[in-house]
Amino acid sequence: MRIELSRSNNPVYLRRLLQHRVGIALSFFAMIVGISFLMWILAVLVINGFGAIDIAMFRETTPAPGSDGGGLLNPIIGSLLMVGVATLISTPIGICAGIYLAEYGQESRFAQLTRFVTDIMLSAPSIVIGLFVYASYVANVRHFSGWAGSLAIALIAVPVVVRTTDNMLGLVPASLREAAFALGAPRWKVATQVRLRAVKAGVVTGVLLAIARISGETAPLLFTALNNQFFSADMNSPMANLPVVIFQFAMSPYDNWRNLAWGGALLITFSVLGLNILARVLVKTGKQ
């Protein structure tokens with residue numbers, strides 16, 4: 001009772017309590033503002049894009065200018081192909097680099113440099129990466145292609161996988177590694193079959209987050225894959241993709257194209273949302 005009375009009369013305690021309550025109130029207000037804008041964006045997207053979602057959108061290719069009907073079959077297939085190839089490129093590279101950083105990051109200057117470059121690539125604008133691939137690959141082969149687009153978005157996905165793998169491996173208890181070393185296991189086997197296996201759910205989560213990150217990238221594909229009005233599964237030629245088609249159709253004067261752009265935007269949004277939900281479920285499963 002005396003402690004409570006002393007606290008109520010203590011000006012330092014009252015000032016800190018006031019600061020705490022003001023901070024909590026401002027944080028709650030910021031959360032409400034952020035969620036409100038997010039719900040507003042999602043509501044507008046659902047209202048405008050839900051009407052464009054039909055079977056034809058998944059069965060027909062992009063329509064000609066000014067024509068009715070059509071769909072987004074070719075950009076959907078193109079995006080799936082390029083994201084799939086980018087995932088196949090970035091996943092092994094990112095996981096191996098993450099393992100190297102986790103094992104040798106504290107005792108190697110090269111590992112510290114690798115971590116620094118990875119952090120820079122995480123914050124690098126995607127258009128810069130697109131220009132780099134254009135100058136180093138597209139300009140030399142003298143044509144746009146799906147391979148160039150896959151390479152560009154793979155460069156965006158690699159640092160995400162690297163940092164996630166590095167962070168997840170850092171959560172493995174030191175006692176687990178010491179027990180494996182005590183049994184005579186070599187370092188490479190401890191890293192791949194003990195540490196990596198213990199956090200496989202977190203590593204898969206990093207891969208899913210990388211896929212979600214690259215699924216909606218537009219700027220790199222403008223300089224690499226460009227676009228294709230017709231259906232094409234040839235990765236060595238210009239290839240349609242959802243982000244670029246949405247950008248072009250949203251800027252067009254045709255109502256049909258704008259409706260398809262809303263439908264494509266809704267499709268990408270819910271795909272990314274589903275990947276993020278799946279990633280969170282895997283994280284919770286791994287913790288259990």
# chains A, B, ... in the order shown; residues from 1 in each chain; ligands from 1

$ residues_around --residues "region 83-88 of chain A" --least-positions-apart "2" --cutoff "8 Å" --atoms "only C-alpha atoms" --output "NGL selection string"
:A and (79-81 or 90-92 or 150-151 or 153-154 or 157 or 207 or 211 or 214-215)

$ select_by_dssp --residues "region 151-227 of chain A" --states "alpha helix (DSSP H)" --output "MDAnalysis selection string"
chainID A and resid 151:170 174:182 187:189 196:198 200:215 219:224

$ closest_residue --among "A:Leu273, A:Val160, A:Ala279, A:Ala139" --to "Ala201 (chain A)" --atoms "only C-alpha atoms"
A:Ala279

$ closest_residue --among "A:Arg115, A:Arg109, A:Lys189, A:Arg59" --to "Asp166 (chain A)" --atoms "only C-alpha atoms"
A:Arg115

$ closest_residue --among "A:Leu14, A:Val245, A:Met168, A:Leu122" --to "Gly71 (chain A)" --atoms "only C-alpha atoms"
A:Val245

$ closest_atom_pairs --of "region 23-91 of chain A" --to "region 238-244 of chain A" --cutoff "8 Å" --atoms "only C-alpha atoms" --output "CSV"
residue,atom,partner,partner_atom,distance
A:Leu72,CA,A:Leu242,CA,7.8
A:Asn74,CA,A:Ala240,CA,6.0
A:Pro75,CA,A:Asn241,CA,3.9
A:Ile76,CA,A:Leu242,CA,5.9
A:Ile77,CA,A:Asn241,CA,7.6
A:Gly78,CA,A:Asn241,CA,5.0
A:Ser79,CA,A:Asn241,CA,4.7

$ closest_residue --among "A:Asn10, A:Ser67, A:Ser27, A:Thr269" --to "Tyr254 (chain A)" --atoms "only C-alpha atoms"
A:Ser67

$ closest_residue --among "A:Val194, A:Leu42, A:Val161, A:Ile156" --to "Ala265 (chain A)" --atoms "only C-alpha atoms"
A:Leu42

$ closest_residue --among "A:Ser123, A:Ser175, A:Thr285, A:Asn48" --to "Trp262 (chain A)" --atoms "only C-alpha atoms"
A:Asn48

$ residues_around --residues "Phe132 (chain A)" --least-positions-apart "6" --cutoff "10 Å" --atoms "only C-alpha atoms" --output "JSON, numbers by chain"
{"A": [126, 138, 152, 220, 223, 224]}

$ residues_around --residues "Gln106 (chain A)" --least-positions-apart "6" --cutoff "12 Å" --atoms "only C-alpha atoms" --output "ChimeraX atom specification"
/A:100,112-115,170

$ write_last_selection --atoms "C-alpha atoms" --output "CSV table (one decimal), in the first residue's frame"
chain,number,residue,atom,x,y,z
A,100,TYR,CA,28.2,-20.4,-45.8
A,112,GLN,CA,31.4,-10.5,-44.0
A,113,LEU,CA,31.7,-8.9,-47.5
A,114,THR,CA,29.1,-11.3,-48.8
A,115,ARG,CA,26.7,-10.3,-46.1
A,170,GLY,CA,21.5,-18.6,-36.4

$ atom_distance --atom1 "CA of Ile95 (chain A)" --atom2 "CA of Val203 (chain A)"
7.7 Å

$ atom_distance --atom1 "CA of Ser232 (chain A)" --atom2 "CA of Asn276 (chain A)"
29.5 Å

$ atom_distance --atom1 "CA of Val44 (chain A)" --atom2 "CA of Ser271 (chain A)"
17.0 Å
